[in-house]
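Pasting work_32.pdb here (PDB, C-alpha atoms, pLDDT in the B column):
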```
ATOM      1  CA  MET A   1      20.373  22.853  -6.068  1.00 57.00           C
ATOM      2  CA  SER A   2      18.644  19.480  -5.835  1.00 71.00           C
ATOM      3  CA  LEU A   3      20.378  16.234  -5.015  1.00 74.00           C
ATOM      4  CA  SER A   4      19.518  12.842  -6.445  1.00 75.00           C
ATOM      5  CA  LYS A   5      20.984   9.734  -4.798  1.00 81.00           C
ATOM      6  CA  LYS A   6      22.221   6.687  -6.665  1.00 91.00           C
ATOM      7  CA  HIS A   7      19.786   4.535  -8.599  1.00 95.00           C
ATOM      8  CA  ALA A   8      16.970   7.073  -8.316  1.00 96.00           C
ATOM      9  CA  VAL A   9      14.772   7.321 -11.421  1.00 96.00           C
ATOM     10  CA  LEU A  10      12.936  10.508 -12.367  1.00 96.00           C
ATOM     11  CA  GLY A  11       9.959  10.137 -14.684  1.00 96.00           C
ATOM     12  CA  GLY A  12       9.661  12.424 -17.708  1.00 96.00           C
ATOM     13  CA  LEU A  13       8.912  16.106 -17.007  1.00 97.00           C
ATOM     14  CA  THR A  14       9.380  15.662 -13.256  1.00 97.00           C
ATOM     15  CA  ALA A  15       9.968  19.064 -11.648  1.00 97.00           C
ATOM     16  CA  VAL A  16      12.167  19.120  -8.540  1.00 96.00           C
ATOM     17  CA  HIS A  17      12.174  22.189  -6.289  1.00 96.00           C
ATOM     18  CA  GLN A  18      15.561  23.491  -5.215  1.00 94.00           C
ATOM     19  CA  PHE A  19      17.141  21.858  -2.167  1.00 94.00           C
ATOM     20  CA  CYS A  20      14.876  18.780  -2.379  1.00 96.00           C
ATOM     21  CA  ARG A  21      16.631  15.428  -2.122  1.00 96.00           C
ATOM     22  CA  ILE A  22      15.643  12.265  -4.006  1.00 96.00           C
ATOM     23  CA  GLY A  23      16.403   9.132  -1.957  1.00 96.00           C
ATOM     24  CA  LYS A  24      18.323   6.175  -3.342  1.00 96.00           C
ATOM     25  CA  HIS A  25      16.332   3.610  -5.330  1.00 97.00           C
ATOM     26  CA  ALA A  26      13.298   5.940  -5.428  1.00 98.00           C
ATOM     27  CA  ILE A  27      11.238   6.491  -8.570  1.00 98.00           C
ATOM     28  CA  THR A  28       8.952   9.347  -9.562  1.00 97.00           C
ATOM     29  CA  GLY A  29       6.007   9.231 -11.937  1.00 97.00           C
ATOM     30  CA  GLY A  30       5.930  11.369 -15.051  1.00 97.00           C
ATOM     31  CA  CYS A  31       5.004  15.047 -14.588  1.00 97.00           C
ATOM     32  CA  THR A  32       5.496  14.777 -10.821  1.00 98.00           C
ATOM     33  CA  LYS A  33       6.037  17.991  -8.847  1.00 98.00           C
ATOM     34  CA  ILE A  34       8.619  17.415  -6.088  1.00 97.00           C
ATOM     35  CA  VAL A  35       8.406  20.051  -3.322  1.00 97.00           C
ATOM     36  CA  GLN A  36       9.680  17.917  -0.400  1.00 97.00           C
ATOM     37  CA  ASP A  37      12.375  15.265  -0.035  1.00 97.00           C
ATOM     38  CA  VAL A  38      11.549  11.891  -1.591  1.00 97.00           C
ATOM     39  CA  PRO A  39      12.178   8.965   0.786  1.00 97.00           C
ATOM     40  CA  PRO A  40      14.541   6.214  -0.357  1.00 97.00           C
ATOM     41  CA  PHE A  41      13.056   3.043  -1.884  1.00 98.00           C
ATOM     42  CA  MET A  42       9.642   4.639  -2.531  1.00 98.00           C
ATOM     43  CA  ILE A  43       7.454   5.478  -5.520  1.00 98.00           C
ATOM     44  CA  VAL A  44       6.157   9.053  -5.556  1.00 98.00           C
ATOM     45  CA  ASP A  45       3.664  10.556  -7.961  1.00 98.00           C
ATOM     46  CA  GLY A  46       1.352  13.512  -8.244  1.00 98.00           C
ATOM     47  CA  ASN A  47       1.200  17.284  -8.090  1.00 97.00           C
ATOM     48  CA  PRO A  48       2.407  17.733  -5.403  1.00 97.00           C
ATOM     49  CA  ALA A  49       4.103  14.373  -5.030  1.00 98.00           C
ATOM     50  CA  GLU A  50       2.795  11.793  -2.570  1.00 98.00           C
ATOM     51  CA  VAL A  51       4.356   8.490  -1.581  1.00 98.00           C
ATOM     52  CA  ARG A  52       2.395   5.755  -3.367  1.00 98.00           C
ATOM     53  CA  GLY A  53       4.285   2.609  -2.394  1.00 98.00           C
ATOM     54  CA  VAL A  54       7.587   0.744  -2.323  1.00 98.00           C
ATOM     55  CA  ASN A  55       9.626   0.585  -5.533  1.00 98.00           C
ATOM     56  CA  LEU A  56       9.383  -3.223  -5.652  1.00 98.00           C
ATOM     57  CA  VAL A  57      10.436  -3.667  -9.278  1.00 97.00           C
ATOM     58  CA  GLY A  58      13.509  -1.465  -8.854  1.00 97.00           C
ATOM     59  CA  LEU A  59      14.551  -3.234  -5.664  1.00 98.00           C
ATOM     60  CA  GLU A  60      14.133  -6.688  -7.224  1.00 98.00           C
ATOM     61  CA  ARG A  61      16.145  -5.620 -10.282  1.00 97.00           C
ATOM     62  CA  ARG A  62      18.935  -4.326  -8.039  1.00 97.00           C
ATOM     63  CA  GLY A  63      19.133  -7.675  -6.220  1.00 98.00           C
ATOM     64  CA  PHE A  64      17.608  -6.800  -2.844  1.00 98.00           C
ATOM     65  CA  SER A  65      16.733  -9.894  -0.842  1.00 98.00           C
ATOM     66  CA  PRO A  66      13.101 -10.893  -0.262  1.00 97.00           C
ATOM     67  CA  ASP A  67      13.605 -10.310   3.486  1.00 96.00           C
ATOM     68  CA  THR A  68      14.818  -6.747   2.913  1.00 96.00           C
ATOM     69  CA  ILE A  69      11.914  -6.023   0.561  1.00 97.00           C
ATOM     70  CA  ARG A  70       9.478  -7.472   3.092  1.00 97.00           C
ATOM     71  CA  ALA A  71      10.950  -5.213   5.816  1.00 96.00           C
ATOM     72  CA  LEU A  72      10.647  -2.147   3.566  1.00 97.00           C
ATOM     73  CA  LYS A  73       7.019  -3.017   2.796  1.00 97.00           C
ATOM     74  CA  GLU A  74       6.284  -3.340   6.513  1.00 96.00           C
ATOM     75  CA  ALA A  75       8.009  -0.014   7.228  1.00 96.00           C
ATOM     76  CA  TYR A  76       5.944   1.616   4.457  1.00 97.00           C
ATOM     77  CA  ARG A  77       2.747   0.186   5.929  1.00 97.00           C
ATOM     78  CA  ILE A  78       3.553   1.551   9.373  1.00 97.00           C
ATOM     79  CA  LEU A  79       4.844   4.947   8.242  1.00 96.00           C
ATOM     80  CA  TYR A  80       2.285   5.774   5.561  1.00 96.00           C
ATOM     81  CA  ARG A  81      -0.812   3.624   6.052  1.00 96.00           C
ATOM     82  CA  ALA A  82      -1.236   3.039   9.787  1.00 96.00           C
ATOM     83  CA  LYS A  83      -2.461   6.592  10.571  1.00 95.00           C
ATOM     84  CA  LEU A  84       0.167   7.017  13.290  1.00 97.00           C
ATOM     85  CA  ASN A  85       2.112  10.180  14.024  1.00 97.00           C
ATOM     86  CA  THR A  86       5.874  10.063  13.493  1.00 95.00           C
ATOM     87  CA  LYS A  87       6.714   9.236  17.114  1.00 97.00           C
ATOM     88  CA  GLN A  88       4.151   6.420  17.257  1.00 97.00           C
ATOM     89  CA  ALA A  89       5.307   5.048  13.888  1.00 96.00           C
ATOM     90  CA  LEU A  90       8.953   4.976  15.009  1.00 95.00           C
ATOM     91  CA  GLU A  91       8.001   3.193  18.226  1.00 95.00           C
ATOM     92  CA  GLU A  92       5.994   0.645  16.217  1.00 96.00           C
ATOM     93  CA  LEU A  93       8.926   0.097  13.853  1.00 95.00           C
ATOM     94  CA  GLY A  94      11.165  -0.570  16.861  1.00 94.00           C
ATOM     95  CA  ARG A  95       8.693  -3.035  18.372  1.00 94.00           C
ATOM     96  CA  ASN A  96       8.394  -4.907  15.070  1.00 89.00           C
ATOM     97  CA  GLY A  97      12.159  -5.014  14.546  1.00 86.00           C
ATOM     98  CA  VAL A  98      11.802  -3.155  11.255  1.00 82.00           C
ATOM     99  CA  GLY A  99      14.478  -0.693  10.261  1.00 66.00           C
ATOM    100  CA  GLY A 100      17.539  -2.846   9.838  1.00 58.00           C
ATOM    101  CA  ASN A 101      20.479  -1.995   7.609  1.00 55.00           C
ATOM    102  CA  THR A 102      19.489  -1.151   4.029  1.00 50.00           C
ATOM    103  CA  ARG A 103      22.819   0.489   3.210  1.00 50.00           C
ATOM    104  CA  SER A 104      24.353  -2.528   1.484  1.00 49.00           C
ATOM    105  CA  LYS A 105      23.166  -1.630  -2.025  1.00 50.00           C
TER     106      LYS A 105
END
```
Produce structure tokens that represent the structure in this file.
Amino acid sequence: MSLSKKHAVLGGLTAVHQFCRIGKHAITGGCTKIVQDVPPFMIVDGNPAEVRGVNLVGLERRGFSPDTIRALKEAYRILYRAKLNTKQALEELGRNGVGGNTRSK
């Protein structure tokens, strides 16, 4: 059983492995193979899926504030582009004050 959170969009022919979760406001590209959980607010694509960026269009359409979108972009940069391990990335997020409440939508 897979679980898709609210406002997630699955591209055509996306295959989702059992027990994988799709985060809220995430979007997958067409023909994507999901074998791990998809983080909220992200775009994933590929076979197997990889995080490609923040779902900016979806967040803007859903009325997220520019400050929230900016914080999500910074979190994406630190988590996926900075070549840090998870512990280092979380410490960096804390130092930068990124990681506030995104539960309002």
Which residues are close to A:Val9, i.e. within 10 Å by only C-alpha atoms, leaving aside same-chain residues fewer than 6 positions away? Reply as a PDB file with C-alpha atoms, in the frame of the given file.
```pdb
ATOM      1  CA  ILE A  22      15.643  12.265  -4.006  1.00 96.00           C
ATOM      2  CA  GLY A  23      16.403   9.132  -1.957  1.00 96.00           C
ATOM      3  CA  LYS A  24      18.323   6.175  -3.342  1.00 96.00           C
ATOM      4  CA  HIS A  25      16.332   3.610  -5.330  1.00 97.00           C
ATOM      5  CA  ALA A  26      13.298   5.940  -5.428  1.00 98.00           C
ATOM      6  CA  ILE A  27      11.238   6.491  -8.570  1.00 98.00           C
ATOM      7  CA  THR A  28       8.952   9.347  -9.562  1.00 97.00           C
ATOM      8  CA  GLY A  29       6.007   9.231 -11.937  1.00 97.00           C
ATOM      9  CA  ILE A  43       7.454   5.478  -5.520  1.00 98.00           C
ATOM     10  CA  GLY A  58      13.509  -1.465  -8.854  1.00 97.00           C
TER      11      GLY A  58
END
```
For this structure, which residues satisfy the selection - the PyMOL selection byres ((chain A and resi 17) around 12) - when it is evaluated on the file as given? I want them as an mmCIF file with C-alpha atoms, in the coordinates of the input.
```
data_model
loop_
_atom_site.group_PDB
_atom_site.id
_atom_site.type_symbol
_atom_site.label_atom_id
_atom_site.label_comp_id
_atom_site.auth_asym_id
_atom_site.auth_seq_id
_atom_site.Cartn_x
_atom_site.Cartn_y
_atom_site.Cartn_z
ATOM 1 C CA MET A 1 20.373 22.853 -6.068
ATOM 2 C CA SER A 2 18.644 19.480 -5.835
ATOM 3 C CA LEU A 3 20.378 16.234 -5.015
ATOM 4 C CA SER A 4 19.518 12.842 -6.445
ATOM 5 C CA THR A 14 9.380 15.662 -13.256
ATOM 6 C CA ALA A 15 9.968 19.064 -11.648
ATOM 7 C CA VAL A 16 12.167 19.120 -8.540
ATOM 8 C CA GLN A 18 15.561 23.491 -5.215
ATOM 9 C CA PHE A 19 17.141 21.858 -2.167
ATOM 10 C CA CYS A 20 14.876 18.780 -2.379
ATOM 11 C CA ARG A 21 16.631 15.428 -2.122
ATOM 12 C CA ILE A 22 15.643 12.265 -4.006
ATOM 13 C CA THR A 32 5.496 14.777 -10.821
ATOM 14 C CA LYS A 33 6.037 17.991 -8.847
ATOM 15 C CA ILE A 34 8.619 17.415 -6.088
ATOM 16 C CA VAL A 35 8.406 20.051 -3.322
ATOM 17 C CA GLN A 36 9.680 17.917 -0.400
ATOM 18 C CA ASP A 37 12.375 15.265 -0.035
ATOM 19 C CA VAL A 38 11.549 11.891 -1.591
ATOM 20 C CA PRO A 48 2.407 17.733 -5.403
ATOM 21 C CA ALA A 49 4.103 14.373 -5.030
#
```
> Between atom CA of A:Leu56 and atom CA of A:Cys31, what is the spacing in Å?
Replying inline: 20.8 Å
Give me the result of the PyMOL selection byres ((chain A and resi 61-64) around 10) on this file, residue by residue, as a compact mmCIF listing (two decimals) with C-alpha atoms, in the frame of the given file.
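Contents of part_2.txt, as written:
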```txt
# COMPACT_ATOMS: atom_id res chain seq x y z
CA HIS A 7 19.79 4.54 -8.60
CA HIS A 25 16.33 3.61 -5.33
CA LEU A 56 9.38 -3.22 -5.65
CA VAL A 57 10.44 -3.67 -9.28
CA GLY A 58 13.51 -1.46 -8.85
CA LEU A 59 14.55 -3.23 -5.66
CA GLU A 60 14.13 -6.69 -7.22
CA SER A 65 16.73 -9.89 -0.84
CA PRO A 66 13.10 -10.89 -0.26
CA ASP A 67 13.60 -10.31 3.49
CA THR A 68 14.82 -6.75 2.91
CA ILE A 69 11.91 -6.02 0.56
CA THR A 102 19.49 -1.15 4.03
CA SER A 104 24.35 -2.53 1.48
CA LYS A 105 23.17 -1.63 -2.02
```
> Nearest to A:Val98 among A:Arg77, A:Lys5, A:Leu10, A:Met42, with distances taken over all atoms listed in the file: which residue is it?
Replying inline: A:Arg77
Any chance you could model all heavy atoms for stretch 75-86 of chain A and send them as a PDB file, in the frame of the given file?
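Saved result, result-v7.pdb, follows:
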```pdb
ATOM      1  N   ALA A  75       7.716  -1.384   6.810  1.00 96.00           N
ATOM      2  CA  ALA A  75       8.009  -0.014   7.228  1.00 96.00           C
ATOM      3  C   ALA A  75       7.089   0.973   6.511  1.00 96.00           C
ATOM      4  O   ALA A  75       6.558   1.908   7.126  1.00 96.00           O
ATOM      5  CB  ALA A  75       9.473   0.317   6.955  1.00 96.00           C
ATOM      6  N   TYR A  76       6.867   0.764   5.212  1.00 97.00           N
ATOM      7  CA  TYR A  76       5.944   1.616   4.457  1.00 97.00           C
ATOM      8  C   TYR A  76       4.540   1.551   5.058  1.00 97.00           C
ATOM      9  O   TYR A  76       3.888   2.584   5.253  1.00 97.00           O
ATOM     10  CB  TYR A  76       5.912   1.184   2.985  1.00 97.00           C
ATOM     11  CG  TYR A  76       4.760   1.782   2.225  1.00 97.00           C
ATOM     12  CD1 TYR A  76       4.802   3.093   1.793  1.00 97.00           C
ATOM     13  CD2 TYR A  76       3.615   1.033   1.968  1.00 97.00           C
ATOM     14  CE1 TYR A  76       3.724   3.654   1.113  1.00 97.00           C
ATOM     15  CE2 TYR A  76       2.541   1.574   1.293  1.00 97.00           C
ATOM     16  CZ  TYR A  76       2.613   2.891   0.865  1.00 97.00           C
ATOM     17  OH  TYR A  76       1.549   3.440   0.211  1.00 97.00           O
ATOM     18  N   ARG A  77       4.091   0.355   5.368  1.00 97.00           N
ATOM     19  CA  ARG A  77       2.747   0.186   5.929  1.00 97.00           C
ATOM     20  C   ARG A  77       2.609   0.969   7.232  1.00 97.00           C
ATOM     21  O   ARG A  77       1.630   1.688   7.444  1.00 97.00           O
ATOM     22  CB  ARG A  77       2.449  -1.293   6.161  1.00 97.00           C
ATOM     23  CG  ARG A  77       1.023  -1.563   6.635  1.00 97.00           C
ATOM     24  CD  ARG A  77       0.835  -2.994   7.098  1.00 97.00           C
ATOM     25  NE  ARG A  77       1.589  -3.319   8.293  1.00 97.00           N
ATOM     26  CZ  ARG A  77       1.264  -2.902   9.529  1.00 97.00           C
ATOM     27  NH1 ARG A  77       0.222  -2.144   9.729  1.00 97.00           N
ATOM     28  NH2 ARG A  77       2.015  -3.263  10.559  1.00 97.00           N
ATOM     29  N   ILE A  78       3.611   0.868   8.079  1.00 97.00           N
ATOM     30  CA  ILE A  78       3.553   1.551   9.373  1.00 97.00           C
ATOM     31  C   ILE A  78       3.672   3.065   9.210  1.00 97.00           C
ATOM     32  O   ILE A  78       2.915   3.828   9.816  1.00 97.00           O
ATOM     33  CB  ILE A  78       4.649   1.005  10.310  1.00 97.00           C
ATOM     34  CG1 ILE A  78       4.334  -0.441  10.676  1.00 97.00           C
ATOM     35  CG2 ILE A  78       4.788   1.869  11.562  1.00 97.00           C
ATOM     36  CD1 ILE A  78       5.464  -1.174  11.369  1.00 97.00           C
ATOM     37  N   LEU A  79       4.604   3.512   8.384  1.00 96.00           N
ATOM     38  CA  LEU A  79       4.844   4.947   8.242  1.00 96.00           C
ATOM     39  C   LEU A  79       3.744   5.686   7.481  1.00 96.00           C
ATOM     40  O   LEU A  79       3.415   6.820   7.825  1.00 96.00           O
ATOM     41  CB  LEU A  79       6.185   5.186   7.545  1.00 96.00           C
ATOM     42  CG  LEU A  79       7.426   4.863   8.359  1.00 96.00           C
ATOM     43  CD1 LEU A  79       8.655   4.864   7.481  1.00 96.00           C
ATOM     44  CD2 LEU A  79       7.573   5.859   9.494  1.00 96.00           C
ATOM     45  N   TYR A  80       3.191   5.042   6.453  1.00 96.00           N
ATOM     46  CA  TYR A  80       2.285   5.774   5.561  1.00 96.00           C
ATOM     47  C   TYR A  80       0.832   5.318   5.607  1.00 96.00           C
ATOM     48  O   TYR A  80      -0.049   6.053   5.178  1.00 96.00           O
ATOM     49  CB  TYR A  80       2.791   5.682   4.116  1.00 96.00           C
ATOM     50  CG  TYR A  80       4.106   6.385   3.938  1.00 96.00           C
ATOM     51  CD1 TYR A  80       5.297   5.663   3.904  1.00 96.00           C
ATOM     52  CD2 TYR A  80       4.169   7.761   3.844  1.00 96.00           C
ATOM     53  CE1 TYR A  80       6.505   6.307   3.755  1.00 96.00           C
ATOM     54  CE2 TYR A  80       5.375   8.413   3.694  1.00 96.00           C
ATOM     55  CZ  TYR A  80       6.538   7.682   3.647  1.00 96.00           C
ATOM     56  OH  TYR A  80       7.743   8.330   3.517  1.00 96.00           O
ATOM     57  N   ARG A  81       0.552   4.139   6.102  1.00 96.00           N
ATOM     58  CA  ARG A  81      -0.812   3.624   6.052  1.00 96.00           C
ATOM     59  C   ARG A  81      -1.468   3.422   7.409  1.00 96.00           C
ATOM     60  O   ARG A  81      -2.686   3.286   7.486  1.00 96.00           O
ATOM     61  CB  ARG A  81      -0.849   2.289   5.295  1.00 96.00           C
ATOM     62  CG  ARG A  81      -0.422   2.377   3.857  1.00 96.00           C
ATOM     63  CD  ARG A  81      -1.458   3.088   3.061  1.00 96.00           C
ATOM     64  NE  ARG A  81      -1.051   3.149   1.668  1.00 96.00           N
ATOM     65  CZ  ARG A  81      -1.397   4.122   0.858  1.00 96.00           C
ATOM     66  NH1 ARG A  81      -2.150   5.099   1.272  1.00 96.00           N
ATOM     67  NH2 ARG A  81      -0.993   4.124  -0.387  1.00 96.00           N
ATOM     68  N   ALA A  82      -0.690   3.392   8.480  1.00 96.00           N
ATOM     69  CA  ALA A  82      -1.236   3.039   9.787  1.00 96.00           C
ATOM     70  C   ALA A  82      -1.879   4.213  10.527  1.00 96.00           C
ATOM     71  O   ALA A  82      -2.372   4.031  11.630  1.00 96.00           O
ATOM     72  CB  ALA A  82      -0.143   2.417  10.653  1.00 96.00           C
ATOM     73  N   LYS A  83      -1.859   5.404   9.943  1.00 95.00           N
ATOM     74  CA  LYS A  83      -2.461   6.592  10.571  1.00 95.00           C
ATOM     75  C   LYS A  83      -1.867   6.882  11.948  1.00 95.00           C
ATOM     76  O   LYS A  83      -2.578   7.244  12.886  1.00 95.00           O
ATOM     77  CB  LYS A  83      -3.975   6.473  10.628  1.00 95.00           C
ATOM     78  CG  LYS A  83      -4.622   6.346   9.258  1.00 95.00           C
ATOM     79  CD  LYS A  83      -6.124   6.466   9.347  1.00 95.00           C
ATOM     80  CE  LYS A  83      -6.798   6.115   8.059  1.00 95.00           C
ATOM     81  NZ  LYS A  83      -6.628   6.942   6.949  1.00 95.00           N
ATOM     82  N   LEU A  84      -0.553   6.705  12.051  1.00 97.00           N
ATOM     83  CA  LEU A  84       0.167   7.017  13.290  1.00 97.00           C
ATOM     84  C   LEU A  84       0.963   8.300  13.084  1.00 97.00           C
ATOM     85  O   LEU A  84       1.372   8.608  11.958  1.00 97.00           O
ATOM     86  CB  LEU A  84       1.142   5.886  13.638  1.00 97.00           C
ATOM     87  CG  LEU A  84       0.554   4.495  13.830  1.00 97.00           C
ATOM     88  CD1 LEU A  84       1.672   3.475  13.983  1.00 97.00           C
ATOM     89  CD2 LEU A  84      -0.368   4.476  15.028  1.00 97.00           C
ATOM     90  N   ASN A  85       1.205   9.049  14.169  1.00 97.00           N
ATOM     91  CA  ASN A  85       2.112  10.180  14.024  1.00 97.00           C
ATOM     92  C   ASN A  85       3.541   9.639  13.973  1.00 97.00           C
ATOM     93  O   ASN A  85       3.775   8.445  14.176  1.00 97.00           O
ATOM     94  CB  ASN A  85       1.904  11.223  15.138  1.00 97.00           C
ATOM     95  CG  ASN A  85       2.267  10.726  16.522  1.00 97.00           C
ATOM     96  OD1 ASN A  85       3.219   9.963  16.702  1.00 97.00           O
ATOM     97  ND2 ASN A  85       1.514  11.157  17.519  1.00 97.00           N
ATOM     98  N   THR A  86       4.499  10.514  13.704  1.00 95.00           N
ATOM     99  CA  THR A  86       5.874  10.063  13.493  1.00 95.00           C
ATOM    100  C   THR A  86       6.426   9.330  14.716  1.00 95.00           C
ATOM    101  O   THR A  86       7.042   8.272  14.582  1.00 95.00           O
ATOM    102  CB  THR A  86       6.780  11.251  13.133  1.00 95.00           C
ATOM    103  OG1 THR A  86       6.241  11.907  11.986  1.00 95.00           O
ATOM    104  CG2 THR A  86       8.194  10.798  12.837  1.00 95.00           C
TER     105      THR A  86
END
```
